[in-house]
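First comes the structure, then the notes that go with it.
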Amino acid sequence: MTLQKTTNSCWSLWRLLVSVWIVLPLSLAVMLTEAKAQDQREQIIQILGVTLGQSMEPTGMVANLLIYFEERNDHGGLAVLFRSTPGRFSPLAQTAVQQAIYRTARAAGLSPDSWTVVLSVPDPGLTVHGDSLSAMVGLSVVALAKGEFIPPDRVITGTVTPDGYIARVGSVPLKVDAANQAHIRRVLVPEEQDVGDRDWETPFLMQVSPVGSVSQAYWALTDHPLRR
């Protein structure tokens, strides 16, 4: 996943992304109030990506996403809505996220036909590209559907295959380094490494766990089984 900001200061973006304080615009604040009133579920999750640093070299970054989940009374199909403000999602990221939600739900033995999911990027001007965020989103949505949550110090980078496995993604060493700087204590990565990634070492006090399946990833992120 690539993170792109419409600004000349990558350092300013970095400070914004690693901040745990998020200022919601009025429209999202109203939506949050309505969600609570209707007993909807929501969670802020962290995702790992890559952007260009001060020296225009690729560097890992941590960004926040806001997820709203509602289980409707009808079964008209999965509805995934992507907010275009403050930040936004690229078309590729949107497609990957929708596929990941379907595939993760299938692996969990759940039907998403009554789910409404609203996703937003709280950081103004930030565009989320690529597909490596999709496993984190898919697993987070299923956790919300099950009434469970992913702790804020855990994250995964990867995609979800049609048969329920976590597929490889690139720039894992950069993402792990960014997660370490953001004090994320457990990072899940695909078992199959990208051939373009160099050798790297696990940072001190961090747990990096290779996972092969959606079930393994869900257990590692939530301490609960994917299927009852």
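Residues are referred to by chain and number: the chain letter is A, B, ... according to the order shown in the structure tokens, the number counts from 1 in that chain, and ligands are numbered separately from 1 in the order shown.
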| Could you name the residues that touch segment 84-91 of chain A at 7 Å or less, counting only C-alpha atoms, but leaving out those on the same chain fewer than 6 positions away, as a list in words? | Ser120, Val121, Pro122, Asp123, Pro124, Gly125, Leu126, Thr127, Val128 and His129 of chain A
| request: Within 12 Å of Glu192 of chain A, counting only C-alpha atoms, which residues show up once you throw out same-chain ones fewer than 5 positions away? Write them as an MDAnalysis selection string, please. | output: chainID A and resid 158:159 165:170 172 197 209:213
| Looking at A:Glu70, A:Thr104, A:Leu221, A:Lys175, which one is nearest to Asp163 of chain A, with distances taken over only C-alpha atoms? | A:Thr104
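Taking only C-alpha atoms into account, Pro112 of chain A lies nearest to A:Asn73 out of the set A:Ser55, A:Thr95, A:Asn73, A:Gln181.
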| task | Write out as an MDAnalysis selection string the residues lying within 8 Å of Leu188 of chain A, counting only C-alpha atoms and excluding same-chain residues fewer than 3 positions away. | result | chainID A and resid 154:157 208:211 217 220
Selected residues written out, N, CA and C atoms, as a compact mmCIF listing (two decimals), in the first residue's frame:
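File part_19.txt, as written:
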# COMPACT_ATOMS: atom_id res chain seq x y z
N ARG A 154 -1.85 -3.85 17.47
CA ARG A 154 -1.67 -4.97 16.55
C ARG A 154 -2.12 -4.57 15.16
N VAL A 155 -1.42 -5.08 14.15
CA VAL A 155 -1.72 -4.71 12.77
C VAL A 155 -1.22 -5.81 11.85
N ILE A 156 -1.80 -5.89 10.67
CA ILE A 156 -1.35 -6.83 9.65
C ILE A 156 -1.19 -6.10 8.33
N THR A 157 -0.21 -6.50 7.54
CA THR A 157 -0.09 -6.03 6.17
C THR A 157 -0.21 -7.24 5.26
N VAL A 208 6.90 -9.97 15.50
CA VAL A 208 6.53 -10.06 14.09
C VAL A 208 6.14 -11.51 13.82
N SER A 209 4.89 -11.72 13.41
CA SER A 209 4.36 -13.07 13.26
C SER A 209 3.98 -13.35 11.82
N PRO A 210 4.67 -14.25 11.14
CA PRO A 210 4.23 -14.67 9.80
C PRO A 210 2.95 -15.51 9.92
N VAL A 211 1.97 -15.22 9.08
CA VAL A 211 0.71 -15.97 9.10
C VAL A 211 0.38 -16.41 7.68
N ALA A 217 -4.46 -15.38 11.16
CA ALA A 217 -4.34 -13.94 11.34
C ALA A 217 -5.38 -13.43 12.34
N ALA A 220 -4.38 -14.31 15.89
CA ALA A 220 -3.25 -13.51 16.35
C ALA A 220 -3.64 -12.06 16.65
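Closest approach to Ala100 of chain A among A:Met56, A:Val214, A:Met206, A:Ala143: A:Val214, based on only C-alpha atoms.
Nearest to Leu174 of chain A of all the residues A:Phe204, A:Pro152, A:Arg103, A:Asp199 is A:Asp199, based on only C-alpha atoms.
Among the candidates A:Leu81, A:Leu139, A:Ile67, A:Val62, the one nearest to Arg106 of chain A when counting only C-alpha atoms is A:Leu139.
Residues lying within 8 Å of Ala108 of chain A, counting only C-alpha atoms and ignoring same-chain neighbours fewer than 2 positions away, are A:Thr104, A:Ala105, A:Arg106, A:Leu110, A:Val142, A:Ser215, A:Leu226, A:Arg227.
Distances here use only C-alpha atoms; by that measure, the residue among A:Val97, A:Val50, A:Leu78, A:Ile45 closest to Ser171 of chain A is A:Val50.
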Would you give me, as a PDB file with N, CA and C atoms, in the first residue's frame, the residues in segment 49-227 of chain A that DSSP reads as helix (DSSP H, G or I)?
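Output file part-v8.pdb follows:
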ATOM      1  N   PRO A  91      -9.087   3.860  -6.433  1.00  0.00           N
ATOM      2  CA  PRO A  91      -9.956   2.784  -6.930  1.00  0.00           C
ATOM      3  C   PRO A  91      -9.413   1.397  -6.628  1.00  0.00           C
ATOM      4  N   LEU A  92      -8.099   1.194  -6.760  1.00  0.00           N
ATOM      5  CA  LEU A  92      -7.509  -0.108  -6.458  1.00  0.00           C
ATOM      6  C   LEU A  92      -7.702  -0.466  -4.994  1.00  0.00           C
ATOM      7  N   ALA A  93      -7.494   0.486  -4.105  1.00  0.00           N
ATOM      8  CA  ALA A  93      -7.665   0.226  -2.681  1.00  0.00           C
ATOM      9  C   ALA A  93      -9.118  -0.127  -2.372  1.00  0.00           C
ATOM     10  N   GLN A  94     -10.046   0.562  -3.009  1.00  0.00           N
ATOM     11  CA  GLN A  94     -11.464   0.277  -2.780  1.00  0.00           C
ATOM     12  C   GLN A  94     -11.819  -1.140  -3.215  1.00  0.00           C
ATOM     13  N   THR A  95     -11.371  -1.534  -4.393  1.00  0.00           N
ATOM     14  CA  THR A  95     -11.656  -2.887  -4.893  1.00  0.00           C
ATOM     15  C   THR A  95     -11.051  -3.943  -3.972  1.00  0.00           C
ATOM     16  N   ALA A  96      -9.798  -3.740  -3.549  1.00  0.00           N
ATOM     17  CA  ALA A  96      -9.120  -4.707  -2.684  1.00  0.00           C
ATOM     18  C   ALA A  96      -9.834  -4.842  -1.341  1.00  0.00           C
ATOM     19  N   VAL A  97     -10.302  -3.735  -0.803  1.00  0.00           N
ATOM     20  CA  VAL A  97     -10.997  -3.760   0.488  1.00  0.00           C
ATOM     21  C   VAL A  97     -12.316  -4.529   0.372  1.00  0.00           C
ATOM     22  N   GLN A  98     -13.081  -4.260  -0.675  1.00  0.00           N
ATOM     23  CA  GLN A  98     -14.347  -4.966  -0.862  1.00  0.00           C
ATOM     24  C   GLN A  98     -14.130  -6.468  -1.000  1.00  0.00           C
ATOM     25  N   GLN A  99     -13.136  -6.852  -1.776  1.00  0.00           N
ATOM     26  CA  GLN A  99     -12.828  -8.276  -1.927  1.00  0.00           C
ATOM     27  C   GLN A  99     -12.411  -8.896  -0.601  1.00  0.00           C
ATOM     28  N   ALA A 100     -11.604  -8.186   0.164  1.00  0.00           N
ATOM     29  CA  ALA A 100     -11.112  -8.720   1.433  1.00  0.00           C
ATOM     30  C   ALA A 100     -12.250  -8.929   2.420  1.00  0.00           C
ATOM     31  N   ILE A 101     -13.214  -8.019   2.445  1.00  0.00           N
ATOM     32  CA  ILE A 101     -14.350  -8.182   3.359  1.00  0.00           C
ATOM     33  C   ILE A 101     -15.147  -9.428   2.985  1.00  0.00           C
ATOM     34  N   TYR A 102     -15.440  -9.587   1.692  1.00  0.00           N
ATOM     35  CA  TYR A 102     -16.157 -10.784   1.227  1.00  0.00           C
ATOM     36  C   TYR A 102     -15.401 -12.056   1.595  1.00  0.00           C
ATOM     37  N   ARG A 103     -14.111 -12.079   1.279  1.00  0.00           N
ATOM     38  CA  ARG A 103     -13.320 -13.293   1.462  1.00  0.00           C
ATOM     39  C   ARG A 103     -13.112 -13.626   2.928  1.00  0.00           C
ATOM     40  N   THR A 104     -12.910 -12.617   3.758  1.00  0.00           N
ATOM     41  CA  THR A 104     -12.745 -12.862   5.192  1.00  0.00           C
ATOM     42  C   THR A 104     -14.048 -13.338   5.815  1.00  0.00           C
ATOM     43  N   ALA A 105     -15.164 -12.754   5.394  1.00  0.00           N
ATOM     44  CA  ALA A 105     -16.468 -13.197   5.892  1.00  0.00           C
ATOM     45  C   ALA A 105     -16.719 -14.653   5.509  1.00  0.00           C
ATOM     46  N   ARG A 106     -16.371 -15.013   4.280  1.00  0.00           N
ATOM     47  CA  ARG A 106     -16.549 -16.394   3.833  1.00  0.00           C
ATOM     48  C   ARG A 106     -15.704 -17.347   4.681  1.00  0.00           C
ATOM     49  N   ALA A 107     -14.467 -16.963   4.959  1.00  0.00           N
ATOM     50  CA  ALA A 107     -13.597 -17.805   5.782  1.00  0.00           C
ATOM     51  C   ALA A 107     -14.150 -17.960   7.195  1.00  0.00           C
ATOM     52  N   SER A 134      -5.810  -4.265   2.771  1.00  0.00           N
ATOM     53  CA  SER A 134      -7.094  -4.940   2.650  1.00  0.00           C
ATOM     54  C   SER A 134      -7.295  -6.038   3.695  1.00  0.00           C
ATOM     55  N   ALA A 135      -6.246  -6.784   4.041  1.00  0.00           N
ATOM     56  CA  ALA A 135      -6.404  -7.820   5.056  1.00  0.00           C
ATOM     57  C   ALA A 135      -6.764  -7.206   6.401  1.00  0.00           C
ATOM     58  N   MET A 136      -6.118  -6.096   6.748  1.00  0.00           N
ATOM     59  CA  MET A 136      -6.416  -5.441   8.019  1.00  0.00           C
ATOM     60  C   MET A 136      -7.861  -4.967   8.053  1.00  0.00           C
ATOM     61  N   VAL A 137      -8.333  -4.411   6.963  1.00  0.00           N
ATOM     62  CA  VAL A 137      -9.719  -3.933   6.924  1.00  0.00           C
ATOM     63  C   VAL A 137     -10.692  -5.106   6.976  1.00  0.00           C
ATOM     64  N   GLY A 138     -10.446  -6.131   6.162  1.00  0.00           N
ATOM     65  CA  GLY A 138     -11.335  -7.287   6.149  1.00  0.00           C
ATOM     66  C   GLY A 138     -11.448  -7.952   7.510  1.00  0.00           C
ATOM     67  N   LEU A 139     -10.325  -8.142   8.174  1.00  0.00           N
ATOM     68  CA  LEU A 139     -10.319  -8.764   9.494  1.00  0.00           C
ATOM     69  C   LEU A 139     -10.981  -7.862  10.536  1.00  0.00           C
ATOM     70  N   SER A 140     -10.793  -6.557  10.423  1.00  0.00           N
ATOM     71  CA  SER A 140     -11.406  -5.631  11.370  1.00  0.00           C
ATOM     72  C   SER A 140     -12.920  -5.609  11.223  1.00  0.00           C
ATOM     73  N   VAL A 141     -13.404  -5.645   9.981  1.00  0.00           N
ATOM     74  CA  VAL A 141     -14.845  -5.642   9.748  1.00  0.00           C
ATOM     75  C   VAL A 141     -15.476  -6.912  10.306  1.00  0.00           C
ATOM     76  N   VAL A 142     -14.866  -8.048  10.063  1.00  0.00           N
ATOM     77  CA  VAL A 142     -15.394  -9.307  10.598  1.00  0.00           C
ATOM     78  C   VAL A 142     -15.370  -9.286  12.125  1.00  0.00           C
ATOM     79  N   ALA A 143     -14.326  -8.723  12.718  1.00  0.00           N
ATOM     80  CA  ALA A 143     -14.280  -8.618  14.180  1.00  0.00           C
ATOM     81  C   ALA A 143     -15.450  -7.786  14.694  1.00  0.00           C
ATOM     82  N   LEU A 144     -15.745  -6.675  14.034  1.00  0.00           N
ATOM     83  CA  LEU A 144     -16.876  -5.848  14.437  1.00  0.00           C
ATOM     84  C   LEU A 144     -18.184  -6.612  14.289  1.00  0.00           C
ATOM     85  N   ALA A 145     -18.318  -7.373  13.211  1.00  0.00           N
ATOM     86  CA  ALA A 145     -19.527  -8.166  12.998  1.00  0.00           C
ATOM     87  C   ALA A 145     -19.720  -9.194  14.101  1.00  0.00           C
ATOM     88  N   VAL A 172       7.869  -4.941   3.299  1.00  0.00           N
ATOM     89  CA  VAL A 172       7.603  -5.338   4.684  1.00  0.00           C
ATOM     90  C   VAL A 172       8.625  -4.752   5.659  1.00  0.00           C
ATOM     91  N   PRO A 173       9.941  -4.748   5.363  1.00  0.00           N
ATOM     92  CA  PRO A 173      10.891  -4.166   6.322  1.00  0.00           C
ATOM     93  C   PRO A 173      10.596  -2.698   6.633  1.00  0.00           C
ATOM     94  N   LEU A 174      10.219  -1.919   5.620  1.00  0.00           N
ATOM     95  CA  LEU A 174       9.907  -0.507   5.847  1.00  0.00           C
ATOM     96  C   LEU A 174       8.671  -0.356   6.722  1.00  0.00           C
ATOM     97  N   LYS A 175       7.681  -1.205   6.495  1.00  0.00           N
ATOM     98  CA  LYS A 175       6.437  -1.135   7.270  1.00  0.00           C
ATOM     99  C   LYS A 175       6.675  -1.548   8.720  1.00  0.00           C
ATOM    100  N   VAL A 176       7.483  -2.579   8.922  1.00  0.00           N
ATOM    101  CA  VAL A 176       7.794  -3.010  10.280  1.00  0.00           C
ATOM    102  C   VAL A 176       8.527  -1.911  11.034  1.00  0.00           C
ATOM    103  N   ASP A 177       9.448  -1.247  10.375  1.00  0.00           N
ATOM    104  CA  ASP A 177      10.173  -0.145  11.009  1.00  0.00           C
ATOM    105  C   ASP A 177       9.229   0.989  11.390  1.00  0.00           C
ATOM    106  N   ALA A 178       8.282   1.320  10.500  1.00  0.00           N
ATOM    107  CA  ALA A 178       7.309   2.375  10.814  1.00  0.00           C
ATOM    108  C   ALA A 178       6.419   1.966  11.978  1.00  0.00           C
ATOM    109  N   ALA A 179       6.003   0.704  12.004  1.00  0.00           N
ATOM    110  CA  ALA A 179       5.178   0.220  13.109  1.00  0.00           C
ATOM    111  C   ALA A 179       5.927   0.303  14.432  1.00  0.00           C
ATOM    112  N   ASN A 180       7.206   0.013  14.408  1.00  0.00           N
ATOM    113  CA  ASN A 180       8.014   0.096  15.616  1.00  0.00           C
ATOM    114  C   ASN A 180       8.091   1.529  16.122  1.00  0.00           C
ATOM    115  N   GLN A 181       8.270   2.471  15.220  1.00  0.00           N
ATOM    116  CA  GLN A 181       8.335   3.877  15.618  1.00  0.00           C
ATOM    117  C   GLN A 181       6.996   4.371  16.156  1.00  0.00           C
ATOM    118  N   VAL A 214      -6.275 -16.714   6.903  1.00  0.00           N
ATOM    119  CA  VAL A 214      -7.119 -15.728   7.562  1.00  0.00           C
ATOM    120  C   VAL A 214      -7.410 -16.166   8.995  1.00  0.00           C
ATOM    121  N   SER A 215      -7.627 -17.458   9.201  1.00  0.00           N
ATOM    122  CA  SER A 215      -7.904 -17.966  10.554  1.00  0.00           C
ATOM    123  C   SER A 215      -6.735 -17.706  11.502  1.00  0.00           C
ATOM    124  N   GLN A 216      -5.517 -17.957  11.022  1.00  0.00           N
ATOM    125  CA  GLN A 216      -4.341 -17.692  11.846  1.00  0.00           C
ATOM    126  C   GLN A 216      -4.219 -16.206  12.160  1.00  0.00           C
ATOM    127  N   ALA A 217      -4.460 -15.379  11.160  1.00  0.00           N
ATOM    128  CA  ALA A 217      -4.339 -13.937  11.343  1.00  0.00           C
ATOM    129  C   ALA A 217      -5.379 -13.427  12.345  1.00  0.00           C
ATOM    130  N   TYR A 218      -6.594 -13.938  12.241  1.00  0.00           N
ATOM    131  CA  TYR A 218      -7.654 -13.467  13.142  1.00  0.00           C
ATOM    132  C   TYR A 218      -7.334 -13.835  14.590  1.00  0.00           C
ATOM    133  N   TRP A 219      -6.873 -15.040  14.796  1.00  0.00           N
ATOM    134  CA  TRP A 219      -6.511 -15.461  16.158  1.00  0.00           C
ATOM    135  C   TRP A 219      -5.388 -14.593  16.717  1.00  0.00           C
ATOM    136  N   ALA A 220      -4.383 -14.310  15.890  1.00  0.00           N
ATOM    137  CA  ALA A 220      -3.245 -13.508  16.350  1.00  0.00           C
ATOM    138  C   ALA A 220      -3.645 -12.064  16.646  1.00  0.00           C
ATOM    139  N   LEU A 221      -4.616 -11.547  15.934  1.00  0.00           N
ATOM    140  CA  LEU A 221      -5.030 -10.156  16.119  1.00  0.00           C
ATOM    141  C   LEU A 221      -6.024  -9.969  17.254  1.00  0.00           C
ATOM    142  N   THR A 222      -6.874 -10.964  17.490  1.00  0.00           N
ATOM    143  CA  THR A 222      -7.975 -10.786  18.444  1.00  0.00           C
ATOM    144  C   THR A 222      -7.924 -11.707  19.657  1.00  0.00           C
TER     145      THR A 222
END
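You will find atom CA of Ala63 of chain A at 7.5 Å from atom CA of Gly49 of chain A.
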| query | atom CA of Trp115 of chain A to atom CA of Asp153 of chain A: how many Å, to one decimal? | reply | 26.1 Å
Hey, what does DSSP flag as strand (DSSP E) within segment 23-190 of chain A? Can you give it to me as a short mmCIF file (atom, residue, chain, number, x, y, z; two decimals) with N, CA and C atoms, in the first residue's frame?
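This is the output file out-v3.cif:
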data_model
loop_
_atom_site.label_atom_id
_atom_site.label_comp_id
_atom_site.auth_asym_id
_atom_site.auth_seq_id
_atom_site.Cartn_x
_atom_site.Cartn_y
_atom_site.Cartn_z
N ARG A 41 -21.46 -0.15 15.36
CA ARG A 41 -20.13 -0.38 15.92
C ARG A 41 -19.10 0.37 15.08
N GLU A 42 -18.08 0.88 15.74
CA GLU A 42 -17.05 1.62 15.02
C GLU A 42 -15.71 1.40 15.68
N GLN A 43 -14.66 1.57 14.90
CA GLN A 43 -13.31 1.42 15.44
C GLN A 43 -12.33 2.17 14.57
N ILE A 44 -11.34 2.77 15.21
CA ILE A 44 -10.20 3.34 14.50
C ILE A 44 -9.12 2.27 14.44
N ILE A 45 -8.67 1.97 13.24
CA ILE A 45 -7.60 0.97 13.07
C ILE A 45 -6.38 1.64 12.45
N GLN A 46 -5.26 0.99 12.56
CA GLN A 46 -4.03 1.48 11.94
C GLN A 46 -3.66 0.57 10.77
N ILE A 47 -3.12 1.17 9.74
CA ILE A 47 -2.65 0.43 8.56
C ILE A 47 -1.21 0.84 8.28
N LEU A 48 -0.51 -0.05 7.60
CA LEU A 48 0.89 0.20 7.27
C LEU A 48 1.03 0.47 5.78
N GLY A 49 1.85 1.44 5.43
CA GLY A 49 2.06 1.77 4.03
C GLY A 49 3.44 2.31 3.78
N VAL A 50 3.65 2.78 2.58
CA VAL A 50 4.95 3.32 2.17
C VAL A 50 4.73 4.65 1.46
N THR A 51 5.59 5.61 1.73
CA THR A 51 5.55 6.89 1.04
C THR A 51 6.99 7.34 0.79
N LEU A 52 7.17 8.54 0.26
CA LEU A 52 8.51 9.08 0.04
C LEU A 52 8.91 9.96 1.22
N PRO A 58 11.85 5.77 -0.48
CA PRO A 58 10.69 5.12 0.14
C PRO A 58 10.88 4.92 1.63
N THR A 59 9.83 5.18 2.38
CA THR A 59 9.87 5.00 3.83
C THR A 59 8.52 4.49 4.30
N GLY A 60 8.53 3.70 5.35
CA GLY A 60 7.28 3.17 5.87
C GLY A 60 6.50 4.21 6.64
N MET A 61 5.18 4.04 6.67
CA MET A 61 4.32 4.98 7.40
C MET A 61 3.16 4.23 8.03
N VAL A 62 2.60 4.83 9.07
CA VAL A 62 1.41 4.32 9.73
C VAL A 62 0.30 5.34 9.56
N ALA A 63 -0.86 4.88 9.13
CA ALA A 63 -2.01 5.77 8.96
C ALA A 63 -3.20 5.20 9.71
N ASN A 64 -4.18 6.04 9.95
CA ASN A 64 -5.40 5.63 10.64
C ASN A 64 -6.57 5.55 9.67
N LEU A 65 -7.43 4.58 9.89
CA LEU A 65 -8.70 4.49 9.18
C LEU A 65 -9.81 4.42 10.20
N LEU A 66 -10.94 4.97 9.83
CA LEU A 66 -12.13 4.93 10.68
C LEU A 66 -13.14 4.00 10.04
N ILE A 67 -13.59 2.98 10.78
CA ILE A 67 -14.53 2.00 10.26
C ILE A 67 -15.84 2.08 11.03
N TYR A 68 -16.95 2.21 10.30
CA TYR A 68 -18.28 2.11 10.88
C TYR A 68 -18.93 0.84 10.34
N PHE A 69 -19.56 0.11 11.24
CA PHE A 69 -20.21 -1.14 10.84
C PHE A 69 -21.66 -1.15 11.32
N GLU A 70 -22.56 -1.58 10.45
CA GLU A 70 -23.96 -1.74 10.82
C GLU A 70 -24.49 -3.02 10.20
N GLU A 71 -25.22 -3.78 10.97
CA GLU A 71 -25.91 -4.96 10.44
C GLU A 71 -27.38 -4.59 10.25
N ALA A 79 -22.81 -3.55 1.54
CA ALA A 79 -22.67 -2.16 1.10
C ALA A 79 -21.41 -1.58 1.73
N VAL A 80 -20.43 -1.24 0.91
CA VAL A 80 -19.19 -0.65 1.39
C VAL A 80 -19.09 0.77 0.83
N LEU A 81 -19.06 1.75 1.71
CA LEU A 81 -19.04 3.15 1.31
C LEU A 81 -17.70 3.75 1.69
N PHE A 82 -17.09 4.46 0.75
CA PHE A 82 -15.78 5.08 0.97
C PHE A 82 -15.95 6.59 0.98
N ARG A 88 -8.87 10.10 1.14
CA ARG A 88 -9.67 9.26 0.25
C ARG A 88 -8.92 7.97 -0.09
N PHE A 89 -9.63 7.08 -0.78
CA PHE A 89 -9.09 5.79 -1.21
C PHE A 89 -8.99 5.76 -2.73
N TRP A 115 -24.65 -6.35 5.77
CA TRP A 115 -23.67 -5.44 6.36
C TRP A 115 -23.58 -4.14 5.58
N THR A 116 -23.49 -3.06 6.32
CA THR A 116 -23.11 -1.77 5.76
C THR A 116 -21.81 -1.33 6.44
N VAL A 117 -20.80 -1.03 5.63
CA VAL A 117 -19.49 -0.63 6.14
C VAL A 117 -19.14 0.73 5.55
N VAL A 118 -18.78 1.67 6.40
CA VAL A 118 -18.37 3.00 5.94
C VAL A 118 -16.91 3.21 6.37
N LEU A 119 -16.06 3.55 5.41
CA LEU A 119 -14.64 3.73 5.66
C LEU A 119 -14.23 5.16 5.35
N SER A 120 -13.40 5.72 6.21
CA SER A 120 -12.91 7.08 5.96
C SER A 120 -11.46 7.20 6.40
N LEU A 126 -4.80 12.99 2.38
CA LEU A 126 -4.10 11.71 2.27
C LEU A 126 -4.88 10.76 1.36
N THR A 127 -4.20 10.19 0.38
CA THR A 127 -4.80 9.20 -0.50
C THR A 127 -4.15 7.84 -0.23
N VAL A 128 -4.98 6.84 0.03
CA VAL A 128 -4.51 5.49 0.28
C VAL A 128 -4.53 4.71 -1.02
N HIS A 129 -3.37 4.26 -1.46
CA HIS A 129 -3.23 3.49 -2.69
C HIS A 129 -2.93 2.03 -2.37
N ARG A 154 -1.85 -3.85 17.47
CA ARG A 154 -1.67 -4.97 16.55
C ARG A 154 -2.12 -4.57 15.16
N VAL A 155 -1.42 -5.08 14.15
CA VAL A 155 -1.72 -4.71 12.77
C VAL A 155 -1.22 -5.81 11.85
N ILE A 156 -1.80 -5.89 10.67
CA ILE A 156 -1.35 -6.83 9.65
C ILE A 156 -1.19 -6.10 8.33
N THR A 159 -2.81 -9.08 1.73
CA THR A 159 -4.10 -9.17 1.04
C THR A 159 -4.72 -10.53 1.36
N VAL A 160 -5.98 -10.69 0.98
CA VAL A 160 -6.71 -11.93 1.24
C VAL A 160 -7.01 -12.61 -0.10
N ILE A 166 -3.47 -15.38 3.41
CA ILE A 166 -2.86 -14.05 3.41
C ILE A 166 -1.74 -14.03 2.37
N ALA A 167 -1.91 -13.20 1.35
CA ALA A 167 -0.95 -13.16 0.24
C ALA A 167 0.15 -12.15 0.52
N ARG A 186 2.81 -5.65 17.91
CA ARG A 186 2.70 -6.91 17.18
C ARG A 186 2.30 -6.63 15.74
N VAL A 187 3.10 -7.15 14.81
CA VAL A 187 2.85 -6.97 13.38
C VAL A 187 2.75 -8.35 12.74
N LEU A 188 1.68 -8.57 12.00
CA LEU A 188 1.52 -9.81 11.24
C LEU A 188 1.92 -9.56 9.80
N VAL A 189 2.67 -10.49 9.24
CA VAL A 189 3.13 -10.39 7.86
C VAL A 189 2.83 -11.70 7.16
N PRO A 190 2.71 -11.70 5.84
CA PRO A 190 2.46 -12.95 5.12
C PRO A 190 3.63 -13.92 5.28
#
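The interatomic distance for the pair atom CA of Trp200 of chain A and atom CA of Thr161 of chain A works out to 25.6 Å.
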